[in-house]
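Text of the file structure28.cif, holding mmCIF, C-alpha atoms and all ligand atoms:
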data_input
#
loop_
_atom_site.label_atom_id
_atom_site.label_comp_id
_atom_site.auth_asym_id
_atom_site.auth_seq_id
_atom_site.Cartn_x
_atom_site.Cartn_y
_atom_site.Cartn_z
CA MET A 18 -6.28 2.58 24.67
CA SER A 19 -2.52 2.90 24.76
CA GLY A 20 -1.71 4.30 21.31
CA ALA A 21 0.36 7.44 20.79
CA SER A 22 0.20 9.97 17.99
CA VAL A 23 3.15 10.12 15.62
CA ASN A 24 3.82 13.38 13.83
CA ILE A 25 6.42 13.68 11.13
CA ARG A 26 7.42 17.12 9.89
CA ASP A 27 9.59 17.83 6.82
CA LEU A 28 11.60 14.68 7.42
CA VAL A 29 14.74 14.27 5.30
CA LYS A 30 17.27 11.47 5.24
CA THR A 31 20.49 11.79 3.28
CA TYR A 32 22.81 8.83 3.65
CA LEU A 33 26.51 9.67 4.04
CA ASP A 34 29.54 7.67 3.03
CA ASN A 35 32.21 6.84 5.60
CA ARG A 36 33.92 10.19 5.00
CA GLY A 37 30.70 12.00 5.81
CA LYS A 38 29.98 12.92 2.19
CA PRO A 39 26.29 12.81 1.14
CA THR A 40 25.58 9.82 -1.10
CA PHE A 41 21.85 9.44 -1.48
CA THR A 42 18.72 11.23 -0.27
CA ALA A 43 16.29 8.41 0.49
CA VAL A 44 13.57 10.52 2.16
CA LYS A 45 12.76 13.92 0.68
CA SER A 46 10.93 16.14 3.13
CA ILE A 47 7.89 14.13 4.07
CA SER A 48 5.19 15.17 6.54
CA LEU A 49 2.67 12.72 7.96
CA ASP A 50 0.32 12.74 10.95
CA ILE A 51 -0.66 9.40 12.45
CA ASP A 52 -3.49 9.36 15.01
CA PRO A 53 -3.33 7.52 18.33
CA GLY A 54 -4.38 3.90 17.76
CA GLU A 55 -4.27 4.21 13.99
CA PHE A 56 -2.96 1.47 11.69
CA MET A 57 -0.92 3.32 9.07
CA VAL A 58 0.66 1.42 6.20
CA LEU A 59 3.63 2.79 4.28
CA VAL A 60 3.57 1.21 0.83
CA GLY A 61 5.53 1.70 -2.37
CA PRO A 62 8.01 -0.02 -4.64
CA SER A 63 11.33 -1.28 -3.35
CA GLY A 64 13.76 1.55 -2.62
CA CYS A 65 11.16 4.32 -2.18
CA GLY A 66 12.27 5.09 1.39
CA LYS A 67 9.70 3.19 3.51
CA SER A 68 12.18 1.34 5.71
CA THR A 69 14.37 4.40 6.09
CA THR A 70 11.33 6.34 7.35
CA LEU A 71 10.38 3.54 9.77
CA ARG A 72 13.94 3.20 11.03
CA MET A 73 14.10 6.94 11.72
CA ILE A 74 10.87 6.67 13.76
CA ALA A 75 12.41 3.74 15.65
CA GLY A 76 15.62 5.70 16.28
CA LEU A 77 17.79 3.22 14.37
CA GLU A 78 18.70 5.80 11.74
CA ARG A 79 19.71 9.43 12.32
CA VAL A 80 17.45 12.14 10.97
CA THR A 81 19.13 14.55 8.51
CA SER A 82 16.51 17.26 9.09
CA GLY A 83 12.92 17.61 10.18
CA THR A 84 11.24 16.28 13.31
CA ILE A 85 9.56 13.14 14.58
CA SER A 86 7.20 13.51 17.53
CA ILE A 87 5.64 10.69 19.49
CA ASP A 88 2.80 11.59 21.84
CA GLY A 89 3.51 15.26 21.19
CA ARG A 90 7.20 15.07 22.18
CA VAL A 91 10.05 15.47 19.70
CA VAL A 92 12.08 12.25 19.87
CA ASN A 93 14.85 12.99 17.34
CA HIS A 94 17.55 12.74 19.97
CA LEU A 95 16.08 9.95 22.10
CA GLU A 96 17.56 6.45 22.15
CA PRO A 97 15.34 3.78 20.56
CA LYS A 98 14.55 2.26 23.96
CA ASP A 99 13.27 5.59 25.29
CA ARG A 100 10.79 6.21 22.48
CA GLY A 101 8.02 3.81 23.58
CA VAL A 102 8.21 1.93 20.28
CA ALA A 103 8.82 -1.73 19.43
CA MET A 104 9.89 -2.96 16.04
CA VAL A 105 9.12 -6.26 14.30
CA PHE A 106 11.47 -7.15 11.47
CA GLN A 107 11.13 -9.28 8.36
CA SER A 108 14.09 -11.36 9.54
CA TYR A 109 12.43 -11.93 12.97
CA ALA A 110 15.78 -11.01 14.61
CA LEU A 111 15.40 -13.61 17.38
CA TYR A 112 18.28 -14.71 19.60
CA PRO A 113 19.10 -18.18 18.21
CA HIS A 114 20.50 -19.58 21.47
CA PHE A 115 17.56 -18.44 23.59
CA THR A 116 14.35 -20.40 24.05
CA VAL A 117 11.04 -18.88 23.02
CA PHE A 118 10.45 -17.93 26.65
CA LYS A 119 13.82 -16.20 27.00
CA ASN A 120 13.41 -14.41 23.67
CA MET A 121 10.07 -13.05 24.75
CA ALA A 122 11.23 -12.22 28.27
CA TYR A 123 14.43 -10.45 27.22
CA ALA A 124 13.23 -6.85 27.30
CA LEU A 125 11.51 -7.41 30.65
CA THR A 126 14.67 -8.96 32.09
CA LEU A 127 16.67 -5.92 30.95
CA ALA A 128 14.05 -3.70 32.59
CA LYS A 129 14.70 -5.65 35.82
CA LYS A 130 11.12 -6.87 36.28
CA THR A 131 10.60 -9.59 38.90
CA LYS A 132 10.45 -13.24 37.88
CA GLU A 133 6.76 -13.41 38.81
CA ILE A 134 5.85 -10.41 36.67
CA ILE A 135 7.91 -11.71 33.73
CA SER A 136 6.24 -15.11 33.96
CA GLU A 137 2.82 -13.56 34.10
CA ILE A 138 3.30 -11.18 31.14
CA VAL A 139 5.14 -13.67 28.91
CA GLY A 140 2.65 -16.43 29.79
CA ARG A 141 -0.37 -14.24 28.96
CA THR A 142 1.18 -13.05 25.67
CA ALA A 143 2.25 -16.56 24.65
CA LYS A 144 -1.27 -17.80 25.25
CA ALA A 145 -2.78 -15.06 23.13
CA LEU A 146 -0.34 -15.94 20.31
CA GLN A 147 -0.81 -19.71 20.78
CA LEU A 148 2.85 -20.19 21.61
CA ASN A 149 2.48 -21.61 25.13
CA HIS A 150 3.30 -25.17 24.07
CA LEU A 151 6.56 -24.02 22.45
CA MET A 152 8.14 -22.03 25.27
CA GLY A 153 11.13 -24.36 25.70
CA ARG A 154 12.06 -24.51 22.00
CA LYS A 155 14.76 -22.54 20.23
CA PRO A 156 14.01 -20.54 17.06
CA GLN A 157 15.56 -23.06 14.68
CA ALA A 158 12.97 -25.63 15.77
CA LEU A 159 10.09 -23.31 14.82
CA SER A 160 8.26 -22.71 11.54
CA GLY A 161 8.42 -19.27 9.90
CA GLY A 162 4.96 -18.40 11.16
CA GLN A 163 5.86 -19.43 14.71
CA ARG A 164 9.09 -17.41 14.61
CA GLN A 165 7.18 -14.35 13.48
CA ARG A 166 4.71 -14.88 16.36
CA VAL A 167 7.62 -14.98 18.82
CA ALA A 168 8.94 -11.74 17.29
CA LEU A 169 5.47 -10.24 17.72
CA GLY A 170 5.29 -11.53 21.28
CA ARG A 171 8.64 -10.00 22.07
CA ALA A 172 7.30 -6.63 20.91
CA ILE A 173 3.96 -7.02 22.74
CA VAL A 174 5.46 -7.74 26.19
CA ARG A 175 7.11 -4.32 26.10
CA ASP A 176 3.67 -2.72 25.93
CA PRO A 177 4.81 -0.10 23.41
CA LYS A 178 2.73 2.90 22.42
CA VAL A 179 3.75 2.39 18.80
CA PHE A 180 4.45 -0.85 16.94
CA LEU A 181 6.70 -0.60 13.90
CA PHE A 182 6.56 -3.42 11.36
CA ASP A 183 9.13 -3.75 8.57
CA GLU A 184 7.75 -6.19 5.96
CA PRO A 185 7.08 -8.75 8.72
CA LEU A 186 5.30 -11.27 6.49
CA SER A 187 7.63 -11.32 3.48
CA ASN A 188 9.39 -14.54 4.50
CA LEU A 189 6.18 -16.51 4.98
CA ASP A 190 4.33 -18.63 2.43
CA ALA A 191 1.12 -17.29 0.92
CA LYS A 192 -1.25 -19.11 3.26
CA MET A 193 0.63 -18.19 6.41
CA ARG A 194 0.80 -14.58 5.22
CA VAL A 195 -2.97 -14.37 5.00
CA GLN A 196 -3.34 -15.90 8.46
CA MET A 197 -0.74 -13.61 10.07
CA ARG A 198 -2.34 -10.64 8.34
CA SER A 199 -5.60 -11.28 10.12
CA GLU A 200 -3.80 -12.04 13.40
CA ILE A 201 -2.01 -8.69 13.29
CA ASN A 202 -5.30 -6.97 12.45
CA GLN A 203 -6.92 -8.64 15.44
CA LEU A 204 -3.99 -7.71 17.64
CA HIS A 205 -4.40 -4.11 16.57
CA GLY A 206 -8.06 -4.26 17.59
CA ASP A 207 -7.24 -5.85 20.96
CA LEU A 208 -4.27 -3.66 21.94
CA GLY A 209 -5.43 -0.31 20.61
CA ALA A 210 -1.78 0.60 19.97
CA THR A 211 -0.64 2.74 17.07
CA MET A 212 0.84 0.61 14.33
CA ILE A 213 3.04 1.66 11.43
CA TYR A 214 3.49 -1.08 8.89
CA VAL A 215 5.87 -1.10 5.93
CA THR A 216 5.15 -3.29 2.90
CA HIS A 217 5.69 -3.26 -0.86
CA ASP A 218 2.56 -5.37 -1.31
CA GLN A 219 -0.49 -3.31 -2.23
CA VAL A 220 -2.90 -6.11 -1.25
CA GLU A 221 -1.38 -6.23 2.23
CA ALA A 222 -1.66 -2.44 2.42
CA MET A 223 -5.31 -2.43 1.34
CA THR A 224 -6.38 -5.21 3.71
CA MET A 225 -4.56 -3.96 6.80
CA GLY A 226 -4.41 -0.19 6.87
CA ASP A 227 -6.86 2.25 8.44
CA ARG A 228 -4.99 4.60 6.16
CA ILE A 229 -2.32 4.03 3.57
CA CYS A 230 0.59 6.29 2.72
CA VAL A 231 1.82 5.61 -0.82
CA MET A 232 5.47 6.55 -1.39
CA ARG A 233 7.66 6.91 -4.45
CA ASP A 234 11.27 8.09 -4.72
CA GLY A 235 11.39 9.31 -1.13
CA LYS A 236 8.17 11.33 -1.43
CA ILE A 237 4.56 10.81 -0.36
CA MET A 238 2.23 10.43 -3.33
CA GLN A 239 -1.06 10.18 -1.40
CA VAL A 240 -2.41 9.38 2.06
CA ALA A 241 -5.96 8.04 2.26
CA ASP A 242 -8.13 5.19 3.51
CA PRO A 243 -8.15 2.10 1.27
CA LEU A 244 -11.41 2.88 -0.49
CA ASN A 245 -10.57 6.50 -1.23
CA LEU A 246 -7.17 5.51 -2.49
CA TYR A 247 -8.82 3.04 -4.85
CA LEU A 248 -11.66 5.27 -6.00
CA CYS A 249 -9.95 8.66 -6.06
CA PRO A 250 -6.23 8.29 -6.82
CA ASP A 251 -4.58 11.70 -6.82
CA ASN A 252 -2.11 10.85 -9.56
CA LEU A 253 -1.06 8.35 -12.22
CA PHE A 254 1.36 6.62 -9.90
CA VAL A 255 -1.26 5.74 -7.27
CA ALA A 256 -3.79 4.84 -9.99
CA GLY A 257 -1.35 2.33 -11.47
CA PHE A 258 0.01 1.02 -8.17
CA ILE A 259 -3.21 0.23 -6.28
CA GLY A 260 -5.52 -2.41 -7.76
CA SER A 261 -4.93 -5.72 -9.50
CA PRO A 262 -5.14 -5.82 -12.45
CA PRO A 263 -4.31 -2.11 -12.47
CA MET A 264 -6.46 0.70 -13.78
CA ASN A 265 -6.51 1.01 -17.58
CA LEU A 266 -4.59 4.19 -18.42
CA LEU A 267 -4.88 5.24 -22.05
CA LYS A 268 -2.94 8.14 -23.54
CA GLY A 269 -4.67 10.31 -26.09
CA LYS A 270 -6.33 13.63 -26.82
CA VAL A 271 -9.67 15.25 -26.21
CA ARG A 272 -11.33 16.19 -29.51
CA ARG A 273 -14.55 17.97 -30.34
CA ARG A 274 -16.58 16.42 -33.16
CA ASP A 275 -20.06 17.63 -34.13
CA GLY A 276 -20.42 19.40 -30.81
CA HIS A 277 -19.53 16.28 -28.81
CA LEU A 278 -16.35 15.59 -26.87
CA TYR A 279 -14.41 12.41 -27.46
CA PHE A 280 -11.35 10.85 -25.96
CA ILE A 281 -9.25 9.70 -28.92
CA GLU A 282 -6.55 7.23 -28.03
CA ASN A 283 -3.15 7.95 -29.58
CA GLY A 284 -2.62 5.95 -32.73
CA GLU A 285 -2.14 6.23 -36.47
CA ARG A 286 -5.48 4.88 -37.62
CA ASP A 287 -8.34 2.63 -36.47
CA ILE A 288 -8.04 4.37 -33.17
CA LEU A 289 -10.13 3.84 -30.09
CA ALA A 290 -12.58 6.70 -29.72
CA VAL A 291 -14.64 7.05 -26.54
CA PRO A 292 -17.50 9.54 -26.49
CA LEU A 293 -17.31 11.55 -23.27
CA GLU A 294 -20.60 12.00 -21.45
CA ASP A 295 -21.92 15.37 -20.37
CA SER A 296 -20.73 14.74 -16.83
CA LEU A 297 -17.13 14.82 -18.07
CA HIS A 298 -17.51 17.82 -20.37
CA GLU A 299 -16.51 20.40 -17.81
CA LEU A 300 -13.26 18.60 -17.00
CA ALA A 301 -12.43 17.45 -20.53
CA GLY A 302 -13.44 20.81 -21.98
CA ARG A 303 -10.30 22.33 -20.46
CA TYR A 304 -8.20 19.84 -22.47
CA ILE A 305 -9.59 20.09 -26.01
CA ASP A 306 -6.85 19.13 -28.52
CA ARG A 307 -4.47 18.52 -25.63
CA GLU A 308 -2.86 15.36 -24.31
CA ILE A 309 -4.77 13.58 -21.58
CA VAL A 310 -4.74 10.19 -19.84
CA PHE A 311 -8.06 8.36 -19.64
CA GLY A 312 -8.34 6.06 -16.61
CA ILE A 313 -10.94 3.35 -16.05
CA ARG A 314 -10.81 0.33 -13.72
CA PRO A 315 -11.42 -3.11 -15.28
CA GLU A 316 -14.64 -3.68 -13.31
CA ASN A 317 -16.17 -0.49 -14.68
CA ILE A 318 -16.32 -1.89 -18.18
CA THR A 319 -19.38 -3.99 -18.95
CA ASN A 320 -20.62 -6.06 -21.88
CA ARG A 321 -24.25 -5.74 -20.80
CA PRO A 322 -26.11 -2.64 -21.91
CA LYS A 323 -26.57 -0.34 -18.98
CA ALA A 324 -28.57 2.84 -19.14
CA ARG A 325 -25.98 4.80 -17.13
CA ALA A 326 -22.94 3.56 -19.01
CA GLY A 327 -21.46 5.32 -22.02
CA ALA A 328 -21.96 4.62 -25.70
CA PRO A 329 -21.26 1.07 -26.95
CA ILE A 330 -17.76 0.34 -28.28
CA GLN A 331 -16.84 -2.74 -30.31
CA MET A 332 -13.60 -4.46 -29.33
CA THR A 333 -11.91 -7.78 -30.01
CA VAL A 334 -10.89 -10.30 -27.35
CA GLN A 335 -7.09 -10.75 -27.30
CA VAL A 336 -6.69 -12.72 -24.09
CA ALA A 337 -9.39 -14.33 -21.98
CA GLU A 338 -8.86 -15.53 -18.42
CA PRO A 339 -12.01 -17.27 -17.18
CA MET A 340 -12.11 -17.43 -13.39
CA GLY A 341 -15.49 -19.01 -12.86
CA GLY A 342 -17.80 -16.30 -11.60
CA GLU A 343 -16.00 -13.65 -13.64
CA SER A 344 -13.51 -13.29 -16.48
CA LEU A 345 -10.60 -10.99 -17.09
CA ILE A 346 -10.45 -10.17 -20.76
CA SER A 347 -7.94 -8.12 -22.65
CA LEU A 348 -9.64 -6.21 -25.45
CA ARG A 349 -8.31 -4.37 -28.47
CA SER A 350 -9.66 -1.76 -30.80
CA GLY A 351 -7.19 -0.24 -33.24
CA THR A 352 -4.10 0.34 -31.15
CA GLY A 353 -6.09 0.68 -27.97
CA ASN A 354 -6.04 -1.99 -25.27
CA LEU A 355 -8.40 -2.33 -22.33
CA VAL A 356 -8.57 -4.97 -19.63
CA ALA A 357 -12.12 -5.66 -18.44
CA ARG A 358 -13.35 -7.67 -15.49
CA ILE A 359 -16.66 -9.09 -16.64
CA ARG A 360 -18.99 -10.69 -14.12
CA GLY A 361 -20.96 -13.81 -14.95
CA GLU A 362 -20.26 -17.35 -16.08
CA HIS A 363 -19.33 -16.82 -19.68
CA LEU A 364 -16.51 -18.25 -21.74
CA PHE A 365 -15.01 -15.63 -24.05
CA ARG A 366 -13.31 -16.85 -27.22
CA LEU A 367 -10.17 -15.39 -28.75
CA ASN A 368 -10.87 -12.84 -31.48
CA GLU A 369 -14.53 -12.70 -30.48
CA THR A 370 -16.05 -9.26 -30.97
CA VAL A 371 -17.50 -7.84 -27.78
CA THR A 372 -19.59 -4.73 -27.42
CA ILE A 373 -18.62 -2.97 -24.24
CA GLN A 374 -19.70 0.10 -22.40
CA ILE A 375 -17.62 2.18 -20.03
CA ASN A 376 -19.20 3.46 -16.85
CA MET A 377 -18.53 7.14 -17.43
CA GLU A 378 -19.15 8.04 -13.79
CA LYS A 379 -16.04 6.05 -12.91
CA VAL A 380 -13.71 7.58 -15.47
CA ILE A 381 -10.75 9.49 -14.05
CA LEU A 382 -8.84 11.86 -16.31
CA PHE A 383 -5.19 12.71 -15.68
CA ASP A 384 -2.91 15.46 -16.92
CA PRO A 385 0.10 13.67 -18.45
CA ASN A 386 2.40 16.62 -17.70
CA THR A 387 1.68 17.02 -14.01
CA GLU A 388 0.64 13.32 -13.72
CA GLU A 389 -2.16 14.51 -11.44
CA ALA A 390 -5.85 13.66 -11.61
CA ILE A 391 -7.95 16.40 -13.18
CA ARG A 392 -10.56 17.35 -10.63
CA GLN A 393 -13.41 19.82 -10.48
CA ALA A 394 -12.09 23.25 -9.57
CA ASN A 395 -13.53 24.31 -6.19
P1 LIG A 401 12.35 0.64 0.87
O1 LIG A 401 12.16 0.26 2.30
O2 LIG A 401 11.23 1.49 0.37
O3 LIG A 401 12.61 -0.53 -0.03
P2 LIG A 401 14.78 1.90 1.83
O4 LIG A 401 14.28 2.90 2.80
O5 LIG A 401 15.34 0.64 2.40
O6 LIG A 401 13.65 1.57 0.76
O7 LIG A 401 15.90 2.56 0.91
C1 LIG A 401 15.65 3.74 0.20
C2 LIG A 401 16.85 4.07 -0.65
O8 LIG A 401 17.96 4.40 0.17
C3 LIG A 401 17.29 2.93 -1.54
O9 LIG A 401 17.62 3.43 -2.80
C4 LIG A 401 18.51 2.39 -0.83
O10 LIG A 401 19.42 1.83 -1.75
C5 LIG A 401 19.08 3.62 -0.17
N1 LIG A 401 19.82 3.28 1.05
C6 LIG A 401 19.36 2.54 2.09
N2 LIG A 401 20.31 2.43 3.04
C7 LIG A 401 21.38 3.12 2.61
C8 LIG A 401 22.70 3.40 3.14
N3 LIG A 401 23.06 2.96 4.34
N4 LIG A 401 23.53 4.16 2.38
C9 LIG A 401 23.15 4.64 1.18
N5 LIG A 401 21.94 4.42 0.62
C10 LIG A 401 21.07 3.67 1.32
#

Once more with this new file: its structure as structure tokens, please.
Amino acid sequence: MSGASVNIRDLVKTYLDNRGKPTFTAVKSISLDIDPGEFMVLVGPSGCGKSTTLRMIAGLERVTSGTISIDGRVVNHLEPKDRGVAMVFQSYALYPHFTVFKNMAYALTLAKKTKEIISEIVGRTAKALQLNHLMGRKPQALSGGQRQRVALGRAIVRDPKVFLFDEPLSNLDAKMRVQMRSEINQLHGDLGATMIYVTHDQVEAMTMGDRICVMRDGKIMQVADPLNLYLCPDNLFVAGFIGSPPMNLLKGKVRRRDGHLYFIENGERDILAVPLEDSLHELAGRYIDREIVFGIRPENITNRPKARAGAPIQMTVQVAEPMGGESLISLRSGTGNLVARIRGEHLFRLNETVTIQINMEKVILFDPNTEEAIRQAN
């Protein structure tokens, strides 16, 4: 195992204009601990500060305040080459006039390794990346996938403790992206190095990360493993960002009627009313007559009666997307819309009435003011 821990404390980045005047704070006091050998993904919409964070770890961007430690040592003032990190860019950043061999050997040449050692290391790495038949070519004679493998190889030969990836697969076509995704995953398993991977693609984040750090507007919204992030989003942002199609998030109020609690979706009339099961009473009880957001994932809505699901609700099919073994259907009741992922080989018709049930154990309630999930008080 050769991975290092990376510890980020209260990290801030304010960009300055060329007169030294602050222009924009891209990273707003984030703290994050990455374990040795961990694959950590930074994900979030464009402009949320992911690349800035990565570039500060790499040493390509000055830190405004806070600290970055690698292997327990503060590296804020170290040159990039002295940090034990290697970065792989979206643009590949290969030397166009160098062959594949020379591109991969460059860092070792700079480090004044002997010819024999360089040959051995580059040869071994090229073999692992299936590049050995391309060693004499220049980058322009390579496909996007091959160029990205050379960029990976160039990072690997340096034997870094931490790999930093900045959207490395964005320039590849869909098929090649899936293949490179699994190659990088395998590489992570083989090398045992710490990897920090920036992407705006939530599917990439979910399939690659040991843990995922979701960012928005220069702040961390949640850090968790993929399953926890999916099942227990801390806030509305994460709930809406992770998952495709996203979680249904309905705005409305909790009302008491005849001793029972209901979620009543906002609307003038013919509103969607969902009876809340006993299991949700404690949480919803704190919000009677107050605004609330009702969250349910599409796969937790069923059209087959289930003993553990909530009371039946009649809705009308607005859009149906049959996908063979399952269908995505958009349903309406009053002003309320729900997207459901229904298993089974069934063709739904437009305007068909469907009786659905919501799996109440999977409902997540959010406070629309704080935007945070409402959880059981400890
Ligand atoms: P992401 O990688 O999440 O897309 P970035 O870290 O690249 O986001 O950028 C975060 C924010 O900082 C963006 O709003 C971007 O416009 C801004 N930014 C990036 N570089 C500079 C710069 N050199 N000067 C001023 N603002 C910048």

| Which residues come within 12 Å of Met73 in chain A, counting all atoms listed in the file, excluding same-chain residues fewer than 2 positions away, as an MDAnalysis selection string? | chainID A and resid 25 28:31 43:44 66:71 75:86 92:97 100 102 104 181

Expected answer as an mmCIF file with C-alpha atoms, in the coordinates of the input: residues within 12 Å of ligand LIG 401 (chain A), all atoms listed in the file:
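Output file pocket39.cif is given in full below:
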data_model
loop_
_atom_site.group_PDB
_atom_site.id
_atom_site.type_symbol
_atom_site.label_atom_id
_atom_site.label_comp_id
_atom_site.auth_asym_id
_atom_site.auth_seq_id
_atom_site.Cartn_x
_atom_site.Cartn_y
_atom_site.Cartn_z
ATOM 1 C CA VAL A 29 14.740 14.270 5.300
ATOM 2 C CA LYS A 30 17.270 11.470 5.240
ATOM 3 C CA THR A 31 20.490 11.790 3.280
ATOM 4 C CA TYR A 32 22.810 8.830 3.650
ATOM 5 C CA LEU A 33 26.510 9.670 4.040
ATOM 6 C CA ASP A 34 29.540 7.670 3.030
ATOM 7 C CA ASN A 35 32.210 6.840 5.600
ATOM 8 C CA GLY A 37 30.700 12.000 5.810
ATOM 9 C CA LYS A 38 29.980 12.920 2.190
ATOM 10 C CA PRO A 39 26.290 12.810 1.140
ATOM 11 C CA THR A 40 25.580 9.820 -1.100
ATOM 12 C CA PHE A 41 21.850 9.440 -1.480
ATOM 13 C CA THR A 42 18.720 11.230 -0.270
ATOM 14 C CA ALA A 43 16.290 8.410 0.490
ATOM 15 C CA VAL A 44 13.570 10.520 2.160
ATOM 16 C CA LYS A 45 12.760 13.920 0.680
ATOM 17 C CA LEU A 59 3.630 2.790 4.280
ATOM 18 C CA VAL A 60 3.570 1.210 0.830
ATOM 19 C CA GLY A 61 5.530 1.700 -2.370
ATOM 20 C CA PRO A 62 8.010 -0.020 -4.640
ATOM 21 C CA SER A 63 11.330 -1.280 -3.350
ATOM 22 C CA GLY A 64 13.760 1.550 -2.620
ATOM 23 C CA CYS A 65 11.160 4.320 -2.180
ATOM 24 C CA GLY A 66 12.270 5.090 1.390
ATOM 25 C CA LYS A 67 9.700 3.190 3.510
ATOM 26 C CA SER A 68 12.180 1.340 5.710
ATOM 27 C CA THR A 69 14.370 4.400 6.090
ATOM 28 C CA THR A 70 11.330 6.340 7.350
ATOM 29 C CA LEU A 71 10.380 3.540 9.770
ATOM 30 C CA ARG A 72 13.940 3.200 11.030
ATOM 31 C CA MET A 73 14.100 6.940 11.720
ATOM 32 C CA LEU A 77 17.790 3.220 14.370
ATOM 33 C CA GLU A 78 18.700 5.800 11.740
ATOM 34 C CA ARG A 79 19.710 9.430 12.320
ATOM 35 C CA PHE A 106 11.470 -7.150 11.470
ATOM 36 C CA GLN A 107 11.130 -9.280 8.360
ATOM 37 C CA PHE A 182 6.560 -3.420 11.360
ATOM 38 C CA ASP A 183 9.130 -3.750 8.570
ATOM 39 C CA GLU A 184 7.750 -6.190 5.960
ATOM 40 C CA TYR A 214 3.490 -1.080 8.890
ATOM 41 C CA VAL A 215 5.870 -1.100 5.930
ATOM 42 C CA THR A 216 5.150 -3.290 2.900
ATOM 43 C CA HIS A 217 5.690 -3.260 -0.860
ATOM 44 C CA ASP A 218 2.560 -5.370 -1.310
ATOM 45 C CA CYS A 230 0.590 6.290 2.720
ATOM 46 C CA VAL A 231 1.820 5.610 -0.820
ATOM 47 C CA MET A 232 5.470 6.550 -1.390
ATOM 48 C CA ARG A 233 7.660 6.910 -4.450
ATOM 49 C CA ASP A 234 11.270 8.090 -4.720
ATOM 50 C CA GLY A 235 11.390 9.310 -1.130
ATOM 51 C CA LYS A 236 8.170 11.330 -1.430
ATOM 52 C CA ILE A 237 4.560 10.810 -0.360
#

| task | Extract, using all atoms listed in the file, all DNA, RNA and protein residues at most 10 Å from Gln157 in chain A, discarding same-chain residues fewer than 3 positions from it, and format them as a ChimeraX atom specification. | result | /A:111,113-114,116,154,160-161,164

Would you list the contacts of range 298-312 of chain A as a PDB file with C-alpha atoms, in the coordinates of the input, taking every protein, DNA or RNA residue within 8 Å and counting all atoms listed in the file, but skipping same-chain residues closer than 2 positions in sequence?
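Dumped to selection.pdb:
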ATOM      1  CA  MET A 264      -6.460   0.700 -13.780  1.00  0.00           C
ATOM      2  CA  ASN A 265      -6.510   1.010 -17.580  1.00  0.00           C
ATOM      3  CA  LEU A 266      -4.590   4.190 -18.420  1.00  0.00           C
ATOM      4  CA  LEU A 267      -4.880   5.240 -22.050  1.00  0.00           C
ATOM      5  CA  LYS A 268      -2.940   8.140 -23.540  1.00  0.00           C
ATOM      6  CA  GLY A 269      -4.670  10.310 -26.090  1.00  0.00           C
ATOM      7  CA  LYS A 270      -6.330  13.630 -26.820  1.00  0.00           C
ATOM      8  CA  VAL A 271      -9.670  15.250 -26.210  1.00  0.00           C
ATOM      9  CA  ARG A 272     -11.330  16.190 -29.510  1.00  0.00           C
ATOM     10  CA  ARG A 273     -14.550  17.970 -30.340  1.00  0.00           C
ATOM     11  CA  LEU A 278     -16.350  15.590 -26.870  1.00  0.00           C
ATOM     12  CA  PHE A 280     -11.350  10.850 -25.960  1.00  0.00           C
ATOM     13  CA  LEU A 293     -17.310  11.550 -23.270  1.00  0.00           C
ATOM     14  CA  GLU A 294     -20.600  12.000 -21.450  1.00  0.00           C
ATOM     15  CA  ASP A 295     -21.920  15.370 -20.370  1.00  0.00           C
ATOM     16  CA  SER A 296     -20.730  14.740 -16.830  1.00  0.00           C
ATOM     17  CA  ARG A 314     -10.810   0.330 -13.720  1.00  0.00           C
ATOM     18  CA  VAL A 380     -13.710   7.580 -15.470  1.00  0.00           C
ATOM     19  CA  ILE A 381     -10.750   9.490 -14.050  1.00  0.00           C
ATOM     20  CA  LEU A 382      -8.840  11.860 -16.310  1.00  0.00           C
ATOM     21  CA  PHE A 383      -5.190  12.710 -15.680  1.00  0.00           C
ATOM     22  CA  ASP A 384      -2.910  15.460 -16.920  1.00  0.00           C
ATOM     23  CA  PRO A 385       0.100  13.670 -18.450  1.00  0.00           C
ATOM     24  CA  ILE A 391      -7.950  16.400 -13.180  1.00  0.00           C
ATOM     25  CA  ARG A 392     -10.560  17.350 -10.630  1.00  0.00           C
ATOM     26  CA  GLN A 393     -13.410  19.820 -10.480  1.00  0.00           C
TER      27      GLN A 393
END

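For the pair CA of Ala357 in chain A and CA of Thr224 in chain A, the separation is 22.9 Å.
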
| said: I want to know what sits within 8 Å of Phe118 in chain A, based on only C-alpha atoms, with residues of the same chain fewer than 4 positions away left out; could you give that as a list in words? | reply: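 With the cut-off at 8 Å, the set is Ala122, Val139, Met152 and Gly153 of chain A.
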
| field | Neighbour residues at most 12 Å from (-1.7, -18.2, 18.6) (only C-alpha atoms) as a list in words | value |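 Neighbouring residues, ordered by chain and number, come to Arg141, Thr142, Ala143, Lys144, Ala145, Leu146, Gln147, Leu148, Asn149, His150, Leu151, Gly162, Gln163, Arg164, Gln165, Arg166, Val167, Leu169, Gly170, Gln196, Met197, Ser199, Glu200, Ile201, Gln203 and Leu204 of chain A.
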
| How many Å separate CA of Leu345 in chain A from CA of Ile359 in chain A? |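 Separating CA of Leu345 in chain A from CA of Ile359 in chain A is a distance of 6.4 Å.
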
| request: Provide the CA of Val179 in chain A to CA of Pro250 in chain A distance in Å, to one decimal place. | output: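 Result for CA of Val179 in chain A versus CA of Pro250 in chain A: 28.1 Å, one decimal.
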
| request: Could you tell me which of A:Ile229, A:Leu297, A:Met377, A:Ile313 comes closest to Gly257 in chain A if we count all atoms listed in the file? | output: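 Closest residue, counting all atoms listed in the file: A:Ile313.
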
| Using all atoms listed in the file: which of A:Leu248, A:Ala328, A:Asn376, A:Ala124 has the shortest distance to Tyr279 in chain A |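 Counting all atoms listed in the file, the residue closest to Tyr279 in chain A is A:Ala328.
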